[in-house]
file coords.tsv (TSV, C-alpha atoms and all ligand atoms)
chain	number	residue	atom	x	y	z
C	2	MET	CA	63.94	93.22	85.44
C	3	PHE	CA	67.39	91.86	84.54
C	4	THR	CA	68.75	92.05	80.99
C	5	LEU	CA	72.15	90.81	79.89
C	6	ASN	CA	74.02	92.73	77.17
C	7	GLN	CA	76.78	90.59	75.68
C	8	TYR	CA	79.73	91.98	73.69
C	9	SER	CA	82.32	90.36	71.44
C	10	SER	CA	85.15	92.29	73.10
C	11	SER	CA	85.76	94.15	76.32
C	12	ALA	CA	86.51	97.31	74.31
C	13	LEU	CA	82.97	97.24	72.89
C	14	LEU	CA	81.53	96.54	76.33
C	15	ILE	CA	83.38	99.50	77.82
C	16	ASP	CA	82.28	101.85	75.01
C	17	ASP	CA	78.64	100.92	75.46
C	18	MET	CA	78.68	100.92	79.26
C	19	VAL	CA	80.33	104.35	79.34
C	20	LYS	CA	77.67	105.63	76.90
C	21	HIS	CA	74.92	104.37	79.24
C	22	ILE	CA	76.56	106.02	82.25
C	23	VAL	CA	77.18	109.34	80.52
C	24	THR	CA	73.61	109.50	79.21
C	25	ALA	CA	72.20	108.86	82.70
C	26	LEU	CA	74.47	111.46	84.32
C	27	GLU	CA	73.75	114.09	81.63
C	28	GLN	CA	70.02	113.53	81.98
C	29	ALA	CA	70.22	113.96	85.76
C	30	ILE	CA	72.25	117.17	85.47
C	31	GLU	CA	69.74	118.54	82.96
C	32	GLN	CA	66.80	117.68	85.24
C	33	ARG	CA	68.22	118.26	88.74
C	34	GLY	CA	71.44	120.23	88.24
C	35	ARG	CA	73.45	117.41	89.86
C	36	ALA	CA	74.12	113.72	89.30
C	37	SER	CA	75.28	110.83	91.47
C	38	ILE	CA	77.02	107.54	90.86
C	39	ALA	CA	78.10	104.75	93.23
C	40	VAL	CA	80.88	102.54	91.90
C	41	SER	CA	82.34	99.13	92.71
C	42	GLY	CA	85.96	98.40	93.38
C	43	GLY	CA	87.82	95.19	92.56
C	44	SER	CA	89.67	94.67	89.32
C	45	SER	CA	86.83	94.55	86.75
C	46	PRO	CA	85.99	98.27	86.50
C	47	ILE	CA	89.55	99.62	86.05
C	48	PRO	CA	89.58	99.96	82.22
C	49	MET	CA	86.02	101.30	82.24
C	50	PHE	CA	86.96	103.92	84.87
C	51	LYS	CA	89.73	105.27	82.63
C	52	LYS	CA	87.39	105.67	79.66
C	53	LEU	CA	84.73	107.27	81.86
C	54	SER	CA	87.27	109.71	83.31
C	55	GLU	CA	87.96	111.03	79.78
C	56	GLN	CA	84.34	111.94	79.02
C	57	SER	CA	83.27	115.55	78.64
C	58	LEU	CA	80.76	116.10	81.42
C	59	PRO	CA	80.27	118.95	83.91
C	60	TRP	CA	82.13	116.77	86.44
C	61	ASN	CA	81.90	119.42	89.17
C	62	LYS	CA	78.17	118.57	89.27
C	63	VAL	CA	78.80	114.82	89.60
C	64	TYR	CA	78.91	113.17	93.06
C	65	ILE	CA	80.79	109.88	93.21
C	66	THR	CA	80.78	107.35	96.02
C	67	LEU	CA	81.50	103.64	96.43
C	68	VAL	CA	79.24	100.63	96.74
C	69	ASP	CA	81.69	99.14	99.25
C	70	ASP	CA	85.15	99.45	100.70
C	71	ARG	CA	87.61	97.35	102.62
C	72	TRP	CA	88.40	98.67	106.13
C	73	VAL	CA	92.03	99.40	105.34
C	74	ASP	CA	93.90	102.69	105.04
C	75	THR	CA	92.89	104.64	101.92
C	76	THR	CA	96.47	104.34	100.63
C	77	HIS	CA	96.42	100.51	100.94
C	78	ALA	CA	96.62	98.53	97.68
C	79	ASP	CA	93.30	96.79	98.55
C	80	SER	CA	91.39	100.02	99.24
C	81	ASN	CA	88.56	100.67	96.78
C	82	GLU	CA	88.88	104.39	97.55
C	83	ASN	CA	92.53	104.23	96.49
C	84	LEU	CA	91.48	102.45	93.28
C	85	VAL	CA	88.90	105.11	92.44
C	86	MET	CA	91.41	107.90	93.15
C	87	LYS	CA	93.96	106.31	90.82
C	88	HIS	CA	91.70	105.20	87.99
C	89	LEU	CA	88.53	107.31	87.97
C	90	LEU	CA	89.21	110.64	89.66
C	91	ILE	CA	91.74	111.54	86.96
C	92	ASN	CA	91.62	113.31	83.60
C	93	LYS	CA	88.39	115.31	83.22
C	94	ALA	CA	86.74	113.46	86.14
C	95	LYS	CA	89.18	114.89	88.68
C	96	LEU	CA	86.71	117.77	89.09
C	97	ALA	CA	84.04	115.41	90.46
C	98	ASN	CA	82.96	115.43	94.13
C	99	PHE	CA	84.02	112.22	95.90
C	100	ILE	CA	82.71	110.87	99.19
C	101	GLY	CA	84.43	107.74	100.47
C	102	PHE	CA	83.45	105.30	103.23
C	103	LYS	CA	86.63	104.88	105.29
C	104	ASN	CA	86.96	106.89	108.49
C	105	ASN	CA	89.02	106.65	111.65
C	106	ALA	CA	86.73	104.22	113.49
C	107	PRO	CA	88.50	101.00	114.49
C	108	THR	CA	85.97	98.78	112.71
C	109	PRO	CA	83.46	99.30	109.89
C	110	PHE	CA	80.68	98.64	112.41
C	111	ALA	CA	81.88	101.48	114.65
C	112	GLY	CA	82.22	103.71	111.57
C	113	GLU	CA	78.73	103.18	110.12
C	114	GLN	CA	77.05	106.31	111.52
C	115	TYR	CA	79.89	108.64	110.50
C	116	THR	CA	79.91	107.38	106.91
C	117	GLN	CA	76.11	107.38	106.73
C	118	ASP	CA	76.09	111.07	107.78
C	119	LYS	CA	78.72	111.95	105.14
C	120	LEU	CA	76.73	110.16	102.44
C	121	ARG	CA	73.75	112.49	103.05
C	122	GLU	CA	75.61	115.02	100.81
C	123	ILE	CA	75.02	112.79	97.80
C	124	PRO	CA	71.91	113.35	95.70
C	125	VAL	CA	69.64	110.29	95.87
C	126	PRO	CA	68.17	108.29	94.27
C	127	PHE	CA	71.57	107.48	92.77
C	128	ASP	CA	71.45	108.06	89.04
C	129	VAL	CA	73.76	105.11	88.44
C	130	VAL	CA	74.96	102.24	90.62
C	131	ILE	CA	77.75	100.12	89.14
C	132	LEU	CA	77.95	96.69	90.69
C	133	GLY	CA	80.42	93.87	90.24
C	134	MET	CA	80.07	90.26	91.30
C	135	GLY	CA	82.60	87.94	92.93
C	136	GLU	CA	83.10	84.28	92.03
C	137	ASP	CA	81.28	83.47	95.30
C	138	GLY	CA	78.16	85.41	94.24
C	139	HIS	CA	78.80	88.47	96.42
C	140	THR	CA	77.99	91.93	95.19
C	141	ALA	CA	79.16	95.19	96.76
C	142	SER	CA	80.30	93.67	100.11
C	143	LEU	CA	77.14	91.63	100.64
C	144	PHE	CA	78.92	88.32	101.19
C	145	PRO	CA	77.50	84.77	101.24
C	146	HIS	CA	76.65	83.49	104.71
C	147	ALA	CA	78.29	86.50	106.44
C	148	GLU	CA	76.99	86.98	109.98
C	149	ASN	CA	75.70	90.48	109.26
C	150	LEU	CA	74.32	89.72	105.77
C	151	HIS	CA	70.68	89.91	106.91
C	152	HIS	CA	71.26	93.50	108.10
C	153	GLY	CA	72.67	94.42	104.72
C	154	LEU	CA	69.66	92.89	102.96
C	155	ASP	CA	67.01	94.28	105.33
C	156	MET	CA	64.80	96.56	103.22
C	157	HIS	CA	63.44	98.29	106.37
C	158	SER	CA	66.63	98.99	108.36
C	159	GLY	CA	66.80	102.68	107.38
C	160	LYS	CA	70.58	102.19	107.01
C	161	LEU	CA	72.66	103.24	104.00
C	162	VAL	CA	75.77	101.28	105.03
C	163	VAL	CA	76.63	98.37	107.30
C	164	GLY	CA	79.81	96.61	108.36
C	165	MET	CA	80.48	93.12	106.99
C	166	VAL	CA	83.00	90.39	107.75
C	167	PRO	CA	83.32	88.16	104.67
C	168	LEU	CA	83.89	84.44	105.13
C	169	THR	CA	85.21	84.18	101.57
C	170	ALA	CA	87.49	87.23	101.16
C	171	PRO	CA	90.02	89.27	103.13
C	172	HIS	CA	89.38	92.44	105.17
C	173	GLU	CA	86.42	93.68	107.15
C	174	ARG	CA	84.21	95.74	104.85
C	175	MET	CA	81.64	98.47	104.75
C	176	THR	CA	78.92	98.09	102.14
C	177	LEU	CA	75.90	99.94	100.84
C	178	THR	CA	72.83	98.08	102.03
C	179	LEU	CA	70.38	96.52	99.57
C	180	PRO	CA	67.82	99.34	100.09
C	181	ALA	CA	70.55	101.94	99.41
C	182	ILE	CA	71.62	100.12	96.22
C	183	LEU	CA	68.02	99.90	95.05
C	184	ASN	CA	67.43	103.60	95.73
C	185	SER	CA	68.68	104.24	92.20
C	186	HIS	CA	67.54	104.94	88.65
C	187	HIS	CA	69.92	102.58	86.87
C	188	ILE	CA	71.89	99.56	88.06
C	189	TYR	CA	74.66	98.29	85.78
C	190	LEU	CA	76.36	95.00	86.59
C	191	LEU	CA	79.84	94.64	85.08
C	192	LEU	CA	81.03	91.09	84.40
C	193	ASN	CA	84.23	89.97	82.70
C	194	GLY	CA	85.18	86.49	81.56
C	195	LYS	CA	83.75	82.99	81.22
C	196	SER	CA	83.73	82.15	84.90
C	197	LYS	CA	81.65	85.21	85.86
C	198	LYS	CA	79.10	84.15	83.19
C	199	GLN	CA	78.91	80.73	84.85
C	200	VAL	CA	78.45	82.32	88.27
C	201	LEU	CA	75.70	84.53	86.83
C	202	GLU	CA	73.95	81.50	85.30
C	203	LYS	CA	74.09	79.69	88.65
C	204	ALA	CA	72.67	82.78	90.38
C	205	LEU	CA	69.80	83.00	87.89
C	206	GLN	CA	68.92	79.33	88.45
C	207	GLY	CA	68.35	79.53	92.20
C	208	HIS	CA	66.74	81.70	94.87
C	209	ASP	CA	68.87	81.27	98.01
C	210	VAL	CA	70.10	84.83	98.63
C	211	ASP	CA	72.21	83.78	101.62
C	212	GLU	CA	74.16	81.48	99.29
C	213	MET	CA	74.53	84.10	96.51
C	214	PRO	CA	73.63	87.66	97.61
C	215	ILE	CA	73.73	88.92	93.98
C	216	ARG	CA	70.32	87.20	93.67
C	217	ALA	CA	68.78	89.92	95.83
C	218	VAL	CA	69.64	92.41	93.07
C	219	LEU	CA	68.74	90.13	90.15
C	220	GLU	CA	65.36	89.12	91.57
C	221	GLN	CA	64.03	92.47	92.81
C	222	LYS	CA	61.41	94.36	90.80
C	223	LYS	CA	62.16	97.95	91.87
C	224	VAL	CA	64.98	98.93	89.49
C	225	ASP	CA	65.92	97.58	86.06
C	226	VAL	CA	69.35	95.96	86.07
C	227	ILE	CA	71.50	95.70	82.94
C	228	GLY	CA	74.36	93.22	82.94
C	229	PHE	CA	77.34	94.03	80.70
C	230	TRP	CA	79.34	90.92	79.86
C	231	ALA	CA	82.27	90.17	77.58
C	232	GLU	CA	84.61	87.19	77.57
R	301	LIG	O1	85.70	92.63	96.82
R	301	LIG	C1	85.12	93.10	95.86
R	301	LIG	O2	84.79	92.29	94.83
R	301	LIG	C2	83.78	92.61	93.86
R	301	LIG	C3	84.18	91.89	92.56
R	301	LIG	O3	85.52	92.28	92.22
R	301	LIG	P1	86.30	91.79	90.93
R	301	LIG	O4	87.75	92.03	91.25
R	301	LIG	O5	86.00	90.35	90.71
R	301	LIG	O6	85.85	92.64	89.81
R	301	LIG	C4	83.65	94.12	93.68
R	301	LIG	O7	82.51	94.38	92.90
R	301	LIG	C5	83.60	94.81	95.03
R	301	LIG	O8	83.41	96.21	94.88
R	301	LIG	C6	84.89	94.55	95.75
R	301	LIG	O9	85.03	95.22	96.98
call {"tool": "encode", "arguments": {"input": "coords.tsv", "output": "structure tokens"}}
result
Amino acid sequence: MFTLNQYSSSALLIDDMVKHIVTALEQAIEQRGRASIAVSGGSSPIPMFKKLSEQSLPWNKVYITLVDDRWVDTTHADSNENLVMKHLLINKAKLANFIGFKNNAPTPFAGEQYTQDKLREIPVPFDVVILGMGEDGHTASLFPHAENLHHGLDMHSGKLVVGMVPLTAPHERMTLTLPAILNSHHIYLLLNGKSKKQVLEKALQGHDVDEMPIRAVLEQKKVDVIGFWAE
């Protein structure tokens, strides 16, 4: 089920979202001794990452990975791994365990198996998956009309990650597949600004997943999804 939480300011949104994340991670650590979170890149999560990094948690028991990355060097300005290093794995959170996607393979397709093997270290189901959404309706790097989109959405592929070549954004990508995203206890969708609200409304009005892959997450019945929106 999808629920949208709306806030009168982004500061209030961040406070509440961080509370949700911390509660889920604390609960997992209490029950299983470890917790896991997969996070988006892009610009939306940056202020939330900083607040999250300041929280008092046994971060050495928290495993962090990405929901997607661009196939660029990890020091590149467009690398989601670089973003997480700079904005999340700081302050108290620098003690967390991080597993990124990028490896030395020439393409994300050639690198799938290596990353998939590395990701086996992470406790699953993920306790929290933080998604974003692009203006084109993509989420993670599941991009509209991309040639490989059906592999990313295939609930029976047995794959955690697949390569993707977006038609609507730069860089080849590697993305968690839909079944990997849905192998989670909580999915939080972070949305900032009027235009993302309009994109969300359009997504909720239709069913063509190829046109707007975010619909695959909004329409599924396996995991509850909470949207966090502020103008
Ligand atoms: O390319 C990407 O875009 C989405 C949305 O990013 P935003 O900058 O509009 O917040 C992001 O969720 C994804 O992780 C990223 O690789």
call {"tool": "closest_atom_pairs", "arguments": {"input": "coords.tsv", "of": "chain C", "to": "ligand LIG 301 (chain R)", "cutoff": "6 Å", "atoms": "all atoms listed in the file", "output": "JSON lines"}}
result
{"residue": "C:Ser41", "atom": "CA", "partner": "R:LIG301", "partner_atom": "O8", "distance": 3.8}
{"residue": "C:Gly42", "atom": "CA", "partner": "R:LIG301", "partner_atom": "O8", "distance": 3.7}
{"residue": "C:Gly43", "atom": "CA", "partner": "R:LIG301", "partner_atom": "O4", "distance": 3.4}
{"residue": "C:Ser44", "atom": "CA", "partner": "R:LIG301", "partner_atom": "O4", "distance": 3.8}
{"residue": "C:Ser45", "atom": "CA", "partner": "R:LIG301", "partner_atom": "O6", "distance": 3.7}
{"residue": "C:Asp69", "atom": "CA", "partner": "R:LIG301", "partner_atom": "O8", "distance": 5.5}
{"residue": "C:Asp70", "atom": "CA", "partner": "R:LIG301", "partner_atom": "O9", "distance": 5.6}
{"residue": "C:Leu132", "atom": "CA", "partner": "R:LIG301", "partner_atom": "O7", "distance": 5.6}
{"residue": "C:Gly133", "atom": "CA", "partner": "R:LIG301", "partner_atom": "O7", "distance": 3.4}
{"residue": "C:Met134", "atom": "CA", "partner": "R:LIG301", "partner_atom": "C3", "distance": 4.6}
{"residue": "C:Gly135", "atom": "CA", "partner": "R:LIG301", "partner_atom": "C3", "distance": 4.3}
{"residue": "C:Thr140", "atom": "CA", "partner": "R:LIG301", "partner_atom": "O7", "distance": 5.6}
{"residue": "C:Ala141", "atom": "CA", "partner": "R:LIG301", "partner_atom": "O8", "distance": 4.8}
{"residue": "C:Ser142", "atom": "CA", "partner": "R:LIG301", "partner_atom": "O9", "distance": 5.9}
call {"tool": "closest_residue", "arguments": {"input": "coords.tsv", "among": "C:Thr75, C:Ser54, C:Gln206, C:Thr4", "to": "Ile91 (chain C)", "atoms": "only C-alpha atoms"}}
result
C:Ser54
call {"tool": "atom_distance", "arguments": {"input": "coords.tsv", "atom1": "CA of Ser37 (chain C)", "atom2": "CA of Glu173 (chain C)"}}
result
25.8 Å
call {"tool": "closest_residue", "arguments": {"input": "coords.tsv", "among": "C:Glu202, C:Glu82, C:Asp209, C:Glu27", "to": "Gly101 (chain C)", "atoms": "all atoms listed in the file"}}
result
C:Glu82
call {"tool": "residues_around", "arguments": {"input": "coords.tsv", "residues": "Ala36 (chain C)", "least_positions_apart": "5", "cutoff": "9 Å", "atoms": "only C-alpha atoms", "output": "list of chain:residue names"}}
result
C:Ala25, C:Leu26, C:Glu27, C:Gln28, C:Ala29, C:Ile30, C:Lys62, C:Val63, C:Tyr64, C:Ile65, C:Ile123, C:Pro124, C:Val125, C:Phe127, C:Asp128, C:Val129
call {"tool": "closest_residue", "arguments": {"input": "coords.tsv", "among": "C:Lys160, C:His146, C:Lys52, C:Lys195", "to": "Thr178 (chain C)", "atoms": "all atoms listed in the file"}}
result
C:Lys160
call {"tool": "residues_around", "arguments": {"input": "coords.tsv", "residues": "Lys95 (chain C)", "least_positions_apart": "2", "cutoff": "10 Å", "atoms": "only C-alpha atoms", "output": "JSON, numbers by chain"}}
result
{"C": [54, 55, 60, 61, 86, 89, 90, 91, 92, 93, 97, 98, 99]}
call {"tool": "closest_residue", "arguments": {"input": "coords.tsv", "among": "C:His151, C:Lys87, C:Lys119, C:Arg71", "to": "Thr176 (chain C)", "atoms": "only C-alpha atoms"}}
result
C:Arg71
call {"tool": "atom_distance", "arguments": {"input": "coords.tsv", "atom1": "CA of Lys197 (chain C)", "atom2": "CA of Trp230 (chain C)"}}
result
8.6 Å
call {"tool": "atom_distance", "arguments": {"input": "coords.tsv", "atom1": "CA of Met165 (chain C)", "atom2": "CA of Leu183 (chain C)"}}
result
18.5 Å
call {"tool": "closest_residue", "arguments": {"input": "coords.tsv", "among": "C:Leu177, C:Val163, C:Asn6, C:Glu232", "to": "Ala111 (chain C)", "atoms": "all atoms listed in the file"}}
result
C:Val163
call {"tool": "closest_residue", "arguments": {"input": "coords.tsv", "among": "C:Val23, C:Asp137, C:Gln114, C:His172", "to": "His77 (chain C)", "atoms": "all atoms listed in the file"}}
result
C:His172
call {"tool": "residues_near_point", "arguments": {"input": "coords.tsv", "point": "(88.9, 111.1, 107.2)", "cutoff": "12 Å", "atoms": "all atoms listed in the file", "output": "list in words"}}
result
Asp74, Thr75, Glu82, Ile100, Gly101, Phe102, Lys103, Asn104, Asn105, Ala106, Gly112, Tyr115, Thr116 and Lys119 of chain C
call {"tool": "residues_around", "arguments": {"input": "coords.tsv", "residues": "Leu179 (chain C)", "least_positions_apart": "4", "cutoff": "7 Å", "atoms": "all atoms listed in the file", "output": "ChimeraX atom specification"}}
result
/C:153-154,156,183
call {"tool": "residues_around", "arguments": {"input": "coords.tsv", "residues": "Leu190 (chain C)", "least_positions_apart": "2", "cutoff": "8 Å", "atoms": "all atoms listed in the file", "output": "list in words"}}
result
Ile131, Leu132, Gly133, Met134, Ile188, Leu192, Val226, Ile227, Gly228 and Phe229 of chain C
call {"tool": "residues_around", "arguments": {"input": "coords.tsv", "residues": "Gln221 (chain C)", "least_positions_apart": "3", "cutoff": "9 Å", "atoms": "all atoms listed in the file", "output": "VMD selection string"}}
result
chain C and resid 2 to 3 183 216 to 218 224 to 225
call {"tool": "decode", "arguments": {"input": "coords.tsv", "residues": "region 196-207 of chain C", "atoms": "all heavy atoms", "output": "PDB file, in the first residue's frame"}}
result
ATOM      1  N   SER C 196       7.004  19.930  -8.727  1.00  0.00           N
ATOM      2  CA  SER C 196       7.005  19.136  -9.959  1.00  0.00           C
ATOM      3  C   SER C 196       7.048  17.629  -9.643  1.00  0.00           C
ATOM      4  O   SER C 196       6.397  16.834 -10.333  1.00  0.00           O
ATOM      5  CB  SER C 196       8.152  19.542 -10.874  1.00  0.00           C
ATOM      6  OG  SER C 196       9.367  19.276 -10.261  1.00  0.00           O
ATOM      7  N   LYS C 197       7.731  17.245  -8.582  1.00  0.00           N
ATOM      8  CA  LYS C 197       7.752  15.808  -8.228  1.00  0.00           C
ATOM      9  C   LYS C 197       6.352  15.358  -7.789  1.00  0.00           C
ATOM     10  O   LYS C 197       5.957  14.215  -8.026  1.00  0.00           O
ATOM     11  CB  LYS C 197       8.766  15.545  -7.100  1.00  0.00           C
ATOM     12  CG  LYS C 197      10.230  15.713  -7.510  1.00  0.00           C
ATOM     13  CD  LYS C 197      10.809  14.495  -8.213  1.00  0.00           C
ATOM     14  CE  LYS C 197      12.208  14.709  -8.729  1.00  0.00           C
ATOM     15  NZ  LYS C 197      13.290  14.393  -7.833  1.00  0.00           N
ATOM     16  N   LYS C 198       5.594  16.275  -7.149  1.00  0.00           N
ATOM     17  CA  LYS C 198       4.223  15.931  -6.743  1.00  0.00           C
ATOM     18  C   LYS C 198       3.374  15.680  -7.996  1.00  0.00           C
ATOM     19  O   LYS C 198       2.567  14.749  -8.045  1.00  0.00           O
ATOM     20  CB  LYS C 198       3.672  17.084  -5.908  1.00  0.00           C
ATOM     21  CG  LYS C 198       2.256  16.909  -5.416  1.00  0.00           C
ATOM     22  CD  LYS C 198       2.228  16.342  -4.018  1.00  0.00           C
ATOM     23  CE  LYS C 198       0.841  16.221  -3.437  1.00  0.00           C
ATOM     24  NZ  LYS C 198       0.267  17.516  -3.062  1.00  0.00           N
ATOM     25  N   GLN C 199       3.594  16.523  -9.021  1.00  0.00           N
ATOM     26  CA  GLN C 199       2.835  16.336 -10.266  1.00  0.00           C
ATOM     27  C   GLN C 199       3.205  15.017 -10.944  1.00  0.00           C
ATOM     28  O   GLN C 199       2.349  14.305 -11.457  1.00  0.00           O
ATOM     29  CB  GLN C 199       3.104  17.509 -11.219  1.00  0.00           C
ATOM     30  CG  GLN C 199       2.360  18.763 -10.796  1.00  0.00           C
ATOM     31  CD  GLN C 199       2.920  20.028 -11.446  1.00  0.00           C
ATOM     32  OE1 GLN C 199       3.896  19.979 -12.196  1.00  0.00           O
ATOM     33  NE2 GLN C 199       2.310  21.160 -11.137  1.00  0.00           N
ATOM     34  N   VAL C 200       4.491  14.700 -10.911  1.00  0.00           N
ATOM     35  CA  VAL C 200       4.937  13.429 -11.513  1.00  0.00           C
ATOM     36  C   VAL C 200       4.307  12.262 -10.744  1.00  0.00           C
ATOM     37  O   VAL C 200       3.822  11.296 -11.332  1.00  0.00           O
ATOM     38  CB  VAL C 200       6.483  13.322 -11.512  1.00  0.00           C
ATOM     39  CG1 VAL C 200       6.930  11.987 -12.078  1.00  0.00           C
ATOM     40  CG2 VAL C 200       7.107  14.453 -12.314  1.00  0.00           C
ATOM     41  N   LEU C 201       4.291  12.378  -9.418  1.00  0.00           N
ATOM     42  CA  LEU C 201       3.688  11.321  -8.595  1.00  0.00           C
ATOM     43  C   LEU C 201       2.203  11.162  -8.949  1.00  0.00           C
ATOM     44  O   LEU C 201       1.710  10.039  -9.123  1.00  0.00           O
ATOM     45  CB  LEU C 201       3.846  11.654  -7.111  1.00  0.00           C
ATOM     46  CG  LEU C 201       3.182  10.668  -6.152  1.00  0.00           C
ATOM     47  CD1 LEU C 201       3.894   9.313  -6.170  1.00  0.00           C
ATOM     48  CD2 LEU C 201       3.153  11.211  -4.717  1.00  0.00           C
ATOM     49  N   GLU C 202       1.493  12.298  -9.056  1.00  0.00           N
ATOM     50  CA  GLU C 202       0.061  12.220  -9.382  1.00  0.00           C
ATOM     51  C   GLU C 202      -0.160  11.535 -10.736  1.00  0.00           C
ATOM     52  O   GLU C 202      -1.036  10.694 -10.877  1.00  0.00           O
ATOM     53  CB  GLU C 202      -0.561  13.621  -9.356  1.00  0.00           C
ATOM     54  CG  GLU C 202      -0.896  14.034  -7.933  1.00  0.00           C
ATOM     55  CD  GLU C 202      -1.017  15.541  -7.712  1.00  0.00           C
ATOM     56  OE1 GLU C 202      -0.985  16.298  -8.708  1.00  0.00           O
ATOM     57  OE2 GLU C 202      -1.120  15.928  -6.532  1.00  0.00           O
ATOM     58  N   LYS C 203       0.691  11.874 -11.699  1.00  0.00           N
ATOM     59  CA  LYS C 203       0.583  11.230 -13.027  1.00  0.00           C
ATOM     60  C   LYS C 203       0.827   9.717 -12.879  1.00  0.00           C
ATOM     61  O   LYS C 203       0.091   8.903 -13.446  1.00  0.00           O
ATOM     62  CB  LYS C 203       1.608  11.849 -13.978  1.00  0.00           C
ATOM     63  CG  LYS C 203       1.538  11.274 -15.368  1.00  0.00           C
ATOM     64  CD  LYS C 203       2.522  11.934 -16.322  1.00  0.00           C
ATOM     65  CE  LYS C 203       2.557  11.142 -17.624  1.00  0.00           C
ATOM     66  NZ  LYS C 203       3.737  11.403 -18.424  1.00  0.00           N
ATOM     67  N   ALA C 204       1.833   9.365 -12.085  1.00  0.00           N
ATOM     68  CA  ALA C 204       2.155   7.936 -11.914  1.00  0.00           C
ATOM     69  C   ALA C 204       0.979   7.196 -11.278  1.00  0.00           C
ATOM     70  O   ALA C 204       0.655   6.073 -11.682  1.00  0.00           O
ATOM     71  CB  ALA C 204       3.409   7.782 -11.065  1.00  0.00           C
ATOM     72  N   LEU C 205       0.316   7.850 -10.326  1.00  0.00           N
ATOM     73  CA  LEU C 205      -0.791   7.181  -9.622  1.00  0.00           C
ATOM     74  C   LEU C 205      -2.039   7.058 -10.495  1.00  0.00           C
ATOM     75  O   LEU C 205      -2.921   6.254 -10.214  1.00  0.00           O
ATOM     76  CB  LEU C 205      -1.121   7.944  -8.326  1.00  0.00           C
ATOM     77  CG  LEU C 205      -0.053   7.845  -7.223  1.00  0.00           C
ATOM     78  CD1 LEU C 205      -0.337   8.840  -6.103  1.00  0.00           C
ATOM     79  CD2 LEU C 205       0.039   6.427  -6.656  1.00  0.00           C
ATOM     80  N   GLN C 206      -2.083   7.862 -11.576  1.00  0.00           N
ATOM     81  CA  GLN C 206      -3.267   7.818 -12.444  1.00  0.00           C
ATOM     82  C   GLN C 206      -3.193   6.756 -13.537  1.00  0.00           C
ATOM     83  O   GLN C 206      -4.195   6.470 -14.178  1.00  0.00           O
ATOM     84  CB  GLN C 206      -3.473   9.188 -13.099  1.00  0.00           C
ATOM     85  CG  GLN C 206      -4.203  10.154 -12.165  1.00  0.00           C
ATOM     86  CD  GLN C 206      -3.923  11.610 -12.532  1.00  0.00           C
ATOM     87  OE1 GLN C 206      -3.492  11.883 -13.668  1.00  0.00           O
ATOM     88  NE2 GLN C 206      -4.152  12.513 -11.602  1.00  0.00           N
ATOM     89  N   GLY C 207      -2.022   6.193 -13.781  1.00  0.00           N
ATOM     90  CA  GLY C 207      -1.905   5.238 -14.885  1.00  0.00           C
ATOM     91  C   GLY C 207      -1.271   3.933 -14.446  1.00  0.00           C
ATOM     92  O   GLY C 207      -0.950   3.747 -13.267  1.00  0.00           O
TER      93      GLY C 207
END
